[in-house]
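Below is one structure; the comments refer to it alone.
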2 protein chains.
Amino acid sequence: MAITVVGSVAFDTVETPSGRKERCLAGAATYFSLAASFFTDVRIIAVVGEDFGASEQAVFDAHKIDTTGIQHAPGKTFFWQGSYLENLNEARTLQTDLNVFAGFEPKIPDAYRDSQFLFLANIDPVLQRRVREATPQAKLVAGDTMNYWIKDHKSALLEVLKGLDILLINDTETRMLAGNSNLVLAARAVMEMGPRMLVVKHGEYGATLFHKTISGAPESRTFKTPAFPLEQVTDPTGAGDSFAGGFFGYLASQRELTPGAFRRAMFYGSVMGSFTVERFGTERLQQLTREEIEHRFNLFRELTHLD
Amino acid sequence: MAITVVGSVAFDTVETPSGRKERCLAGAATYFSLAASFFTDVRIIAVVGEDFGASEQAVFDAHKIDTTGIQHAPGKTFFWQGSYLENLNEARTLQTDLNVFAGFEPKIPDAYRDSQFLFLANIDPVLQRRVREATPQAKLVAGDTMNYWIKDHKSALLEVLKGLDILLINDTETRMLAGNSNLVLAARAVMEMGPRMLVVKHGEYGATLFHKTISGAPESRTFKTPAFPLEQVTDPTGAGDSFAGGFFGYLASQRELTPGAFRRAMFYGSVMGSFTVERFGTERLQQLTREEIEHRFNLFRELTHLD
C-alpha cells in the first residue's frame with residue numbers, strides 16, 4: 001500500500017565529533033521517504049526552492065519516490081545548521097532559515113488520493129490537520145511533532161492528535177505533552193488525547209510501543225525495541241524520521257496489521273534509524289540495500305531474544 | 001551452587017515523590033542477598049552495629065541467607081540518607097555515616113570456603129581484592145563499583161578488575177572508567193582491563209551485556225534486556241544491587257553457564273530490579289514469591305520477543 005508523507009525537505013549543515021558536512025540533502029520528509037521506500041511506494045508532499053536541482057531530484061528518483069507533490073517555489077529551500085559537538089544526543093541549532101517553507105501550503109495531487117497510509121511529519125499542526133482532513137481515505141494515520149508545537153501551539157496540536165492512529169515522539173515530548181514525569185502514565189494520558197498507539201523514541205536506548213486497544217494486562221500492551229549498539233555515530237540527524245519511515249513503511253507493506261506486524265515494524269524502525277546515523281545526512285540510506293536491512297533485523301533478534 | 005557476597009548492610013532514610021521512610025534495612029549486600037536468595041543459597045560477609053537487631057536478622061533468616069559472615073561490632077550500622085525529590089533517577093546524598101563500616105575487615109568463615117560464586121559488591125577495592133584473593137576456589141567472580149572508586153582509587157580498582165569475570169556498572173561509570181563516550185567502545189576498553197563480560201545498567205532503559213569471548217560478529221556478543229514499564233517507582237534505591245542479585249543468583253542456579261543462561265540471567269536481573277523499586281527499601285523483596293518472579297519474567301519475554 002502506498003504512503004503519502006507531508007513534511008520538510010531541507011539542506012542541513014551539521015558538525016559532529018566526526019566532522020562537518022555542508023548542505024546535506026535532509027529534512028524529515030526526506031529521511032522518512034527514503035527509509036520507507038525500502039518497504040513500499042512513497043509519495044511526498046513538500047516544498048523546495050530553486051537550489052533544489054537535478055542531483056537532489058535524482059535521490060528521490062533512485063528510490064522510486066513519487067515527487068509529484070513537491071512544489072517548486074521561487075527562493076531557497078529550508079536550511080538548518082546544527083552542532084552536536086557538545087552533545088551527540090541533542091543538536092544545538094546554529095541557524096534556521098525557513099525560506100520557501102515559510103509560505104508552505106500543502107497540496108495533495110490527485111494521483112495521491114488512493115494512499116491508505118498517511119504520515120504527518122513534524123510541521124505546523126495547522127498544516128498537519130489540513131492534510132489529514134483532505135485525505136479521508138487514509139486508513140492508518142501516523143504523525144510526529146516537537147517541543148515547540150507542544151509548548152506554544154498546543155490547542156492546534158490537540159486537534160491533530162484526535163485524527164491520529166499513531167503518534168511517534170520522544171521521551172521528553174511525551175512527558176511534556178502529558179505533564180507527567182512517569183513515562184507509562186504519560187503514555188496513557190497521550191493516548192487519551194486521540195492516538196490509539198504511541199511510539200516513544202528513547203534515542204540510544206531504542207523505543208517503546210504503547211497500545212491502548214489490545215486487550216490484556218497493561219504490560220502486554222507494550223513492546224520494546226533496543227537501539228543498535230554502534231561503535232560510531234557520525235551524525236544523529238534524521239534518526240527519528242528514519243525510524244518512522246522504517247516503522248510505517250513496513251506496516252504499509254503488510255496485508256494485515258496484526259500485533260506481530262507492529263512488533264516487527266518497531267524492529268525495522270530501529271534498524272533504519274541505526275543505519276542513518278552511520279554517515280552524514282542521508283548518505284547511508286542512499287546506498288543501503290534490502291539485504292543489509294534484513295541482516296541487521298536478524299541481529300536485532302539476536303540482541304533481544306532468549307532463544 | 002552457593003554464592004558468597006561481600007558488601008554493605010545499612011540503614012537508609014530516603015525521601016522520594018512517594019513519601020519518606022526512616023531507617024529501612026538496606027545496603028548493597030542486603031539487596032543482592034535477598035534478590036539472589038530466590039535462586040540459590042547465599043552467604044553474606046558484612047559488618048553491622050548494635051542497632052542491628054532480631055527483626056533485621058529475621059529478614060535474612062526468612063530467606064535462608066547464611067549470616068555467619070556478618071560481624072557484629074560495637075557502635076552503629078552504616079547509615080545513609082538520600083533524596084530523590086528532584087530526580088528519581090539519581091539520589092542526592094544528604095548524609096553518610098560509615099559508623100562500624102569504617103573499620104570493616106572482611107573475614108571469610110570456613111563454612112563459606114566452598115562457594116564457587118563470589119560477588120564483590122560496591123566497597124573499597126582494596127577490600128574487594130583481599131576477599132577475591134582469599135577465595136581462590138571461586139569459579140565465577142562478579143563485582144560492582146562506583147564513580148568514587150573510579151575517580152580517586154583507580155589503581156586499586158584496576159587490580160580488582162584483573163580478577164573479575166563479570167563487572168556490573170552503569171553507563172556513566174562505564175564511560176568514566178574507559179574515558180570514552182561511545183558505550184560500545186567504552187565497554188570494549190573496560191573488558192580489556194580484565195572482565196570478560198560487562199553488564200552496563202541503563203536505569204529505566206534496562207541493561208546491556210557485552211561479552212568478549214563468544215566468537216562471531218561484535219553485535220552477536222551483545223544482549224539487551226529492557227526495564228519493566230512501571231506506573232510507579234516508589235524508591236529506586238537498590239535497583240542495581242537487586243539486578244546483580246537476580247543476574248548472579250540465576251547463573252549460580254544453573255548447571256551449565258551457556259550463552260542462553262546469561263541471556264536469561266539478564267532478564268531475571270531486570271525482573272528483580274523492577275520489583276525492588278515498587279516499594280521502599282527491601283519491602284517488596286521481603287514479600288516476593290518465586291511465582292511472581294516467573295510471571296514477570298514471562299511478561300519481559302512478551303515485551304521484547306517478536307513471536
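Each chain of the C-alpha cells is named A, B, ... in the order shown, its residues numbered from 1; ligands are numbered from 1 in display order.
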
Taking only C-alpha atoms into account, produce a table as a tab-separated table in which each residue of chain A with an atom at most 8 Å from an atom of chain B appears once, together with its shortest atom pair and the distance in Å to one decimal, ordered by chain and rising number.
residue	atom	partner	partner_atom	distance
A:Asn182	CA	B:Glu231	CA	6.7
A:Leu183	CA	B:Glu231	CA	7.7
A:Val184	CA	B:Glu231	CA	5.4
A:Leu185	CA	B:Glu231	CA	6.0
A:Tyr205	CA	B:Tyr205	CA	6.3
A:Glu219	CA	B:Leu299	CA	6.9
A:Ser220	CA	B:Glu302	CA	6.5
A:Thr222	CA	B:Leu303	CA	6.0
A:Phe223	CA	B:Leu303	CA	4.5
A:Lys224	CA	B:Thr304	CA	5.4
A:Thr225	CA	B:Thr304	CA	6.7
A:Pro226	CA	B:Lys224	CA	7.2
A:Pro229	CA	B:Val184	CA	6.3
A:Leu230	CA	B:Val184	CA	6.5
A:Glu231	CA	B:Val184	CA	5.4
A:Gln232	CA	B:Asn182	CA	7.2
A:Gly260	CA	B:Leu306	CA	6.4
A:Arg263	CA	B:Leu306	CA	5.9
A:Arg264	CA	B:Leu306	CA	6.4
A:Leu299	CA	B:Ser220	CA	6.8
A:Arg301	CA	B:His305	CA	7.9
A:Glu302	CA	B:Ser220	CA	6.6
A:Leu303	CA	B:Phe223	CA	4.5
A:Thr304	CA	B:Lys224	CA	5.4
A:His305	CA	B:His305	CA	5.9
A:Leu306	CA	B:Arg263	CA	5.9
A:Asp307	CA	B:Gly260	CA	6.7

request  = Do a neighbour search on range 196-200 of chain A at 6 Å with only C-alpha atoms, toss out local chain neighbours closer than 6 positions, and write the hits as a PyMOL selection string.
outcome  = chain A and resi 165-171+207-212

Deliver the residues from the most recent selection as a file, using N, CA and C atoms, as an mmCIF file, in the first residue's frame.
data_model
loop_
_atom_site.group_PDB
_atom_site.id
_atom_site.type_symbol
_atom_site.label_atom_id
_atom_site.label_comp_id
_atom_site.auth_asym_id
_atom_site.auth_seq_id
_atom_site.Cartn_x
_atom_site.Cartn_y
_atom_site.Cartn_z
ATOM 1 N N ASP A 165 -3.903 7.829 14.347
ATOM 2 C CA ASP A 165 -3.889 6.480 14.915
ATOM 3 C C ASP A 165 -2.632 6.255 15.750
ATOM 4 N N ILE A 166 -1.503 6.767 15.256
ATOM 5 C CA ILE A 166 -0.213 6.526 15.910
ATOM 6 C C ILE A 166 0.576 7.823 15.987
ATOM 7 N N LEU A 167 1.043 8.125 17.189
ATOM 8 C CA LEU A 167 1.932 9.270 17.361
ATOM 9 C C LEU A 167 3.327 8.746 17.682
ATOM 10 N N LEU A 168 4.338 9.314 17.031
ATOM 11 C CA LEU A 168 5.739 8.941 17.300
ATOM 12 C C LEU A 168 6.486 10.153 17.823
ATOM 13 N N ILE A 169 6.850 10.147 19.101
ATOM 14 C CA ILE A 169 7.591 11.258 19.695
ATOM 15 C C ILE A 169 8.645 10.711 20.658
ATOM 16 N N ASN A 170 9.477 11.594 21.228
ATOM 17 C CA ASN A 170 10.500 11.100 22.144
ATOM 18 C C ASN A 170 10.056 11.185 23.616
ATOM 19 N N ASP A 171 10.895 10.718 24.514
ATOM 20 C CA ASP A 171 10.588 10.696 25.950
ATOM 21 C C ASP A 171 10.175 12.068 26.481
ATOM 22 N N ALA A 207 13.213 2.194 21.613
ATOM 23 C CA ALA A 207 11.878 2.786 21.566
ATOM 24 C C ALA A 207 10.875 1.836 22.200
ATOM 25 N N THR A 208 9.758 2.413 22.651
ATOM 26 C CA THR A 208 8.687 1.620 23.249
ATOM 27 C C THR A 208 7.374 1.903 22.522
ATOM 28 N N LEU A 209 6.667 0.849 22.188
ATOM 29 C CA LEU A 209 5.322 0.978 21.614
ATOM 30 C C LEU A 209 4.296 0.777 22.720
ATOM 31 N N PHE A 210 3.445 1.756 22.917
ATOM 32 C CA PHE A 210 2.313 1.623 23.834
ATOM 33 C C PHE A 210 1.051 1.505 22.983
ATOM 34 N N HIS A 211 0.159 0.635 23.406
ATOM 35 C CA HIS A 211 -1.008 0.310 22.599
ATOM 36 C C HIS A 211 -2.201 0.237 23.535
ATOM 37 N N LYS A 212 -3.225 1.048 23.283
ATOM 38 C CA LYS A 212 -4.319 1.026 24.247
ATOM 39 C C LYS A 212 -5.456 0.094 23.880
#

Long-range neighbours of Glu56 in chain A as a short mmCIF file (atom, residue, chain, number, x, y, z; two decimals) with N, CA and C atoms, in the first residue's frame, 10 Å cut-off, only C-alpha atoms, 4 positions minimum in chain:
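Ended up saving to around.cif:
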data_model
loop_
_atom_site.label_atom_id
_atom_site.label_comp_id
_atom_site.auth_asym_id
_atom_site.auth_seq_id
_atom_site.Cartn_x
_atom_site.Cartn_y
_atom_site.Cartn_z
N CYS A 24 23.86 19.04 3.36
CA CYS A 24 23.38 17.68 3.05
C CYS A 24 21.91 17.79 2.66
N LEU A 25 21.48 16.95 1.74
CA LEU A 25 20.05 16.80 1.48
C LEU A 25 19.43 16.17 2.73
N ALA A 26 18.41 16.83 3.31
CA ALA A 26 17.88 16.39 4.59
C ALA A 26 16.41 16.80 4.71
N ASP A 51 17.29 26.14 -5.37
CA ASP A 51 18.57 25.45 -5.16
C ASP A 51 18.40 23.93 -5.09
N PHE A 52 17.18 23.45 -5.23
CA PHE A 52 16.92 22.01 -5.29
C PHE A 52 17.01 21.61 -6.76
N PHE A 60 15.58 11.04 -4.92
CA PHE A 60 14.21 10.54 -4.78
C PHE A 60 13.88 9.56 -5.90
N ASP A 61 14.31 9.92 -7.12
CA ASP A 61 14.02 9.06 -8.27
C ASP A 61 14.63 7.67 -8.09
#

key: Backbone-only DSSP, helix (DSSP H, G or I) members of range 50-150 of chain B, as a ChimeraX atom specification   = /B:54-62,99-103,110-112,125-133,147-150

Selection to disk with N, CA, C and O atoms, as a short mmCIF file (atom, residue, chain, number, x, y, z; two decimals), in the first residue's frame:
data_model
loop_
_atom_site.label_atom_id
_atom_site.label_comp_id
_atom_site.auth_asym_id
_atom_site.auth_seq_id
_atom_site.Cartn_x
_atom_site.Cartn_y
_atom_site.Cartn_z
N ALA B 54 17.03 -8.25 66.22
CA ALA B 54 16.38 -9.51 65.86
C ALA B 54 15.49 -9.34 64.63
O ALA B 54 15.39 -10.25 63.80
N SER B 55 14.86 -8.17 64.48
CA SER B 55 13.94 -8.02 63.35
C SER B 55 14.72 -7.95 62.03
O SER B 55 14.26 -8.45 61.00
N GLU B 56 15.90 -7.34 62.08
CA GLU B 56 16.74 -7.30 60.87
C GLU B 56 17.28 -8.71 60.55
O GLU B 56 17.27 -9.16 59.41
N GLN B 57 17.75 -9.38 61.62
CA GLN B 57 18.26 -10.75 61.43
C GLN B 57 17.17 -11.64 60.81
O GLN B 57 17.45 -12.49 59.95
N ALA B 58 15.92 -11.42 61.26
CA ALA B 58 14.81 -12.26 60.80
C ALA B 58 14.60 -12.16 59.29
O ALA B 58 14.16 -13.11 58.64
N VAL B 59 14.92 -10.98 58.71
CA VAL B 59 14.74 -10.79 57.27
C VAL B 59 15.68 -11.73 56.51
O VAL B 59 15.27 -12.39 55.54
N PHE B 60 16.92 -11.82 56.98
CA PHE B 60 17.88 -12.72 56.34
C PHE B 60 17.48 -14.19 56.58
O PHE B 60 17.54 -15.01 55.65
N ASP B 61 17.07 -14.47 57.81
CA ASP B 61 16.70 -15.85 58.14
C ASP B 61 15.52 -16.33 57.29
O ASP B 61 15.49 -17.48 56.84
N ALA B 62 14.56 -15.44 57.07
CA ALA B 62 13.37 -15.83 56.30
C ALA B 62 13.75 -16.24 54.88
O ALA B 62 13.02 -16.99 54.23
N ASN B 99 30.13 4.76 60.28
CA ASN B 99 29.98 4.03 61.55
C ASN B 99 30.88 2.78 61.55
O ASN B 99 32.06 2.90 61.22
N VAL B 100 30.33 1.60 61.90
CA VAL B 100 31.18 0.40 62.02
C VAL B 100 31.82 0.00 60.69
O VAL B 100 32.81 -0.74 60.67
N PHE B 101 31.25 0.53 59.58
CA PHE B 101 31.77 0.16 58.27
C PHE B 101 33.18 0.75 58.04
O PHE B 101 33.95 0.23 57.22
N ALA B 102 33.50 1.81 58.77
CA ALA B 102 34.79 2.48 58.60
C ALA B 102 35.95 1.53 58.90
O ALA B 102 37.02 1.61 58.29
N GLY B 103 35.73 0.61 59.85
CA GLY B 103 36.81 -0.31 60.21
C GLY B 103 36.60 -1.73 59.72
O GLY B 103 37.17 -2.68 60.25
N ASP B 110 34.91 -20.33 57.54
CA ASP B 110 35.32 -21.60 56.92
C ASP B 110 34.17 -22.24 56.13
O ASP B 110 34.39 -22.85 55.08
N ALA B 111 32.97 -22.09 56.68
CA ALA B 111 31.82 -22.71 56.03
C ALA B 111 31.53 -22.13 54.65
O ALA B 111 30.76 -22.69 53.87
N TYR B 112 32.14 -20.97 54.33
CA TYR B 112 31.91 -20.33 53.03
C TYR B 112 32.95 -20.80 52.00
O TYR B 112 32.88 -20.41 50.83
N PRO B 125 37.93 -1.00 46.83
CA PRO B 125 38.57 -2.05 46.01
C PRO B 125 39.68 -2.79 46.75
O PRO B 125 39.96 -3.95 46.41
N VAL B 126 40.29 -2.16 47.72
CA VAL B 126 41.33 -2.86 48.50
C VAL B 126 40.70 -4.06 49.22
O VAL B 126 41.28 -5.15 49.26
N LEU B 127 39.51 -3.86 49.78
CA LEU B 127 38.80 -4.96 50.46
C LEU B 127 38.29 -5.98 49.44
O LEU B 127 38.35 -7.19 49.67
N GLN B 128 37.80 -5.49 48.32
CA GLN B 128 37.32 -6.42 47.28
C GLN B 128 38.44 -7.36 46.86
O GLN B 128 38.24 -8.57 46.77
N ARG B 129 39.64 -6.78 46.68
CA ARG B 129 40.77 -7.58 46.23
C ARG B 129 41.17 -8.62 47.28
O ARG B 129 41.47 -9.77 46.97
N ARG B 130 41.13 -8.18 48.55
CA ARG B 130 41.51 -9.08 49.63
C ARG B 130 40.56 -10.30 49.68
O ARG B 130 41.00 -11.44 49.84
N VAL B 131 39.28 -10.03 49.53
CA VAL B 131 38.30 -11.12 49.54
C VAL B 131 38.49 -12.03 48.32
O VAL B 131 38.44 -13.25 48.43
N ARG B 132 38.75 -11.41 47.20
CA ARG B 132 38.98 -12.21 45.98
C ARG B 132 40.16 -13.15 46.18
O ARG B 132 40.10 -14.33 45.83
N GLU B 133 41.24 -12.64 46.73
CA GLU B 133 42.45 -13.45 46.91
C GLU B 133 42.26 -14.54 47.94
O GLU B 133 42.91 -15.59 47.88
N ASN B 147 31.46 5.60 40.93
CA ASN B 147 32.27 6.72 40.44
C ASN B 147 33.39 7.11 41.41
O ASN B 147 34.50 7.40 40.99
N TYR B 148 33.13 7.08 42.71
CA TYR B 148 34.13 7.48 43.70
C TYR B 148 35.42 6.66 43.57
O TYR B 148 36.52 7.21 43.56
N TRP B 149 35.28 5.34 43.46
CA TRP B 149 36.46 4.48 43.34
C TRP B 149 37.12 4.66 41.98
O TRP B 149 38.35 4.59 41.85
N ILE B 150 36.32 4.88 40.93
CA ILE B 150 36.88 5.08 39.59
C ILE B 150 37.72 6.35 39.54
O ILE B 150 38.81 6.38 38.97
#

ask   = Do you have the CA of Thr40 in chain A-CA of Leu157 in chain A distance handy?
value =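 So the two atoms, CA of Thr40 in chain A and CA of Leu157 in chain A, lie 28.2 Å apart.
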
key: Contact residues around Thr96 in chain B with only C-alpha atoms at 8 Å, ignoring same-chain residues under 4 positions, as a PyMOL selection string   = chain B and resi 78-81

key: Counting only C-alpha atoms, the residue of B:Thr174, B:Gln287, B:Ser83, B:Asn298 that sits nearest Thr13 in chain B   =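 Result for the nearest residue to Thr13 in chain B: B:Ser83.
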
Of the listed residues B:Thr258, B:Thr237, B:Asn89, B:Thr30, that which approaches Arg279 in chain B most closely, counting only C-alpha atoms = B:Thr237

Nearest residue to Arg290 in chain B from the set B:Leu251, B:Val271, B:Ile108, B:Ala91 (distances using only C-alpha atoms) =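 Looking at the shortest contact to Arg290 in chain B, the residue is B:Val271.
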
message = Ranking A:Thr282, A:Arg175, A:Lys201, A:Leu94 by minimum distance to Ala189 in chain A and counting only C-alpha atoms, which one comes first?
response = A:Arg175

Among range 74-231 of chain A, which ones does DSSP place in strand (DSSP E), written as a JSON list (two decimals) with C-alpha atoms, in the first residue's frame?
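Below you can see result-v4.json, which holds the result:
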[["chain", "number", "residue", "atom", "x", "y", "z"],
["A", 78, "PHE", "CA", 14.57, 25.31, 4.02],
["A", 79, "PHE", "CA", 18.04, 25.43, 5.59],
["A", 80, "TRP", "CA", 19.15, 24.25, 9.04],
["A", 81, "GLN", "CA", 22.55, 24.35, 10.66],
["A", 82, "GLY", "CA", 23.30, 22.50, 13.87],
["A", 83, "SER", "CA", 26.12, 21.24, 16.03],
["A", 92, "ARG", "CA", 22.41, 22.82, 19.18],
["A", 93, "THR", "CA", 20.71, 24.83, 16.46],
["A", 94, "LEU", "CA", 23.01, 27.46, 14.96],
["A", 95, "GLN", "CA", 20.79, 28.71, 12.15],
["A", 96, "THR", "CA", 17.29, 28.09, 10.79],
["A", 97, "ASP", "CA", 16.20, 29.70, 7.53],
["A", 117, "PHE", "CA", -1.34, 5.31, 4.74],
["A", 118, "LEU", "CA", -0.66, 8.90, 5.71],
["A", 119, "PHE", "CA", 2.33, 10.22, 7.66],
["A", 120, "LEU", "CA", 2.30, 13.75, 9.01],
["A", 140, "LEU", "CA", -3.86, 4.45, 9.08],
["A", 141, "VAL", "CA", -2.57, 7.88, 10.02],
["A", 142, "ALA", "CA", 0.62, 8.47, 11.96],
["A", 143, "GLY", "CA", 2.49, 11.61, 12.85],
["A", 144, "ASP", "CA", 5.33, 13.30, 14.66],
["A", 166, "ILE", "CA", -0.21, 6.53, 15.91],
["A", 167, "LEU", "CA", 1.93, 9.27, 17.36],
["A", 168, "LEU", "CA", 5.74, 8.94, 17.30],
["A", 169, "ILE", "CA", 7.59, 11.26, 19.69],
["A", 170, "ASN", "CA", 10.50, 11.10, 22.14],
["A", 197, "MET", "CA", -0.84, 3.83, 19.76],
["A", 198, "LEU", "CA", 2.17, 5.78, 20.89],
["A", 199, "VAL", "CA", 5.76, 5.08, 19.89],
["A", 200, "VAL", "CA", 8.14, 6.72, 22.35],
["A", 201, "LYS", "CA", 11.66, 7.05, 20.92],
["A", 207, "ALA", "CA", 11.88, 2.79, 21.57],
["A", 208, "THR", "CA", 8.69, 1.62, 23.25],
["A", 209, "LEU", "CA", 5.32, 0.98, 21.61],
["A", 210, "PHE", "CA", 2.31, 1.62, 23.83],
["A", 211, "HIS", "CA", -1.01, 0.31, 22.60],
["A", 222, "THR", "CA", 3.77, -2.64, 25.46],
["A", 223, "PHE", "CA", 6.62, -3.63, 23.18],
["A", 224, "LYS", "CA", 10.25, -2.58, 23.33],
["A", 225, "THR", "CA", 12.92, -2.44, 20.69]]

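CA of Arg255 in chain B is positioned 19.9 Å from CA of Val5 in chain B.
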
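The coordinates place CA of Phe248 in chain A at 17.7 Å from CA of Ile123 in chain A.
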